[in-house]
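Below is one structure; the comments refer to it alone.
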Amino acid sequence: MSGGRVPAVLLGGVASLLLSFVWMPVLLPVASRLLLLPRALLTMASGSPPTQPSPASGSGSGYVPGSVSAAFVTCPNEKVAKEIARAVVEKHLAACVNLIPQITSIYEWKGKIEEDSEVLMMIKTQSSLVPALTDFVRSVHPYEVAEVIALPVEQGNFPYLQWVHQVTESVSDSSTVLP
């Protein structure tokens with residue numbers, strides 16, 4: 001080292017080290033949540049709830065993570081969506097259905113790219129009822145292939161999740177649900 005000057009490489013290393021100490025407390029919580037992401041994605045892809053509840057799932061609340069699902073169904077218009085929504089609530093296949101109007105769907109159908117305005121139904125139900133819900137929707141839906149997809153609810157407001165179970169309880173106790 002000539003003339004008492006510190007080489008730039010050494011300064012860069014010191015600066016990097018100092019920055020890492022400053023950013024570490026900020027990045028650590030984000031990084032730890034990212035580590036949980038593959039498990040969450042695997043759970044969603046498999047359609048089955050995780051075997052052990054995560055600490056953030058409201059342990060002690062009595063809710064079993066994944067026992068409630070949010071199902072999504074697209075409909076060609078509000079009239080069809082309301083008819084299906086009312087029917088699934090009346091049959092206790094769902095506790096609640098939200099209708100989200102004027103969504104745009106872009107998809108490939110029979111080799112052609114399509115774009116349609118649709119209504120999205122967000123249906124809250126017990127996960128055990130998703131097969132019966134799917135069968136019912138398919139039996140009344142006007143589309144050749146109805147979209148019915150469901151995602152397990154890992155956590156949420158315990159009184160609401162409990163209410164979903166209560167409203168749909170009579171159906172989950174019976175072995176079959178007829179359209």
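Chain labels follow the order of the structure tokens: the first chain is A, the next B, and so on; residue numbering restarts at 1 in every chain, and ligands are counted from 1 in their shown order.
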
Using only C-alpha atoms, determine which residues lie at most 6 Å from segment 72-83 of chain A, disregarding the query and same-chain residues fewer than 2 positions distant; provide the list as a list in words.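 Once the nearby chain positions are removed, what remains is Ala85, Arg86, Glu118, Val119, Leu120, Met121, Met122, Glu147, Val148 and Ile149 of chain A.
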
So that I can check the secondary structure, give me every residue of segment 73-125 of chain A assigned strand (DSSP E) by backbone DSSP, as a ChimeraX atom specification. /A:73-75,96-109,112-125

Shell of 8 Å around Ser105 of chain A, only C-alpha atoms, local chain residues under 6 positions omitted, as a ChimeraX atom specification: /A:114-118

Store the residues picked out above in a file with C-alpha atoms, as a CSV table (one decimal), in the first residue's frame.
chain,number,residue,atom,x,y,z
A,114,GLU,CA,-60.8,-16.1,-26.9
A,115,GLU,CA,-61.6,-13.1,-24.8
A,116,ASP,CA,-64.9,-12.8,-22.8
A,117,SER,CA,-66.5,-10.7,-20.1
A,118,GLU,CA,-67.6,-13.0,-17.2

If you run DSSP on the backbone here, which positions in segment 35-168 of chain A get helix (DSSP H, G or I)? Please write them as a PyMOL selection string. chain A and resi 35-46+55-57+78-90+127-140+158-168

Record the distance separating atom CA of Ser69 of chain A and atom CA of Val97 of chain A, expressed in Å with one decimal. 11.9 Å
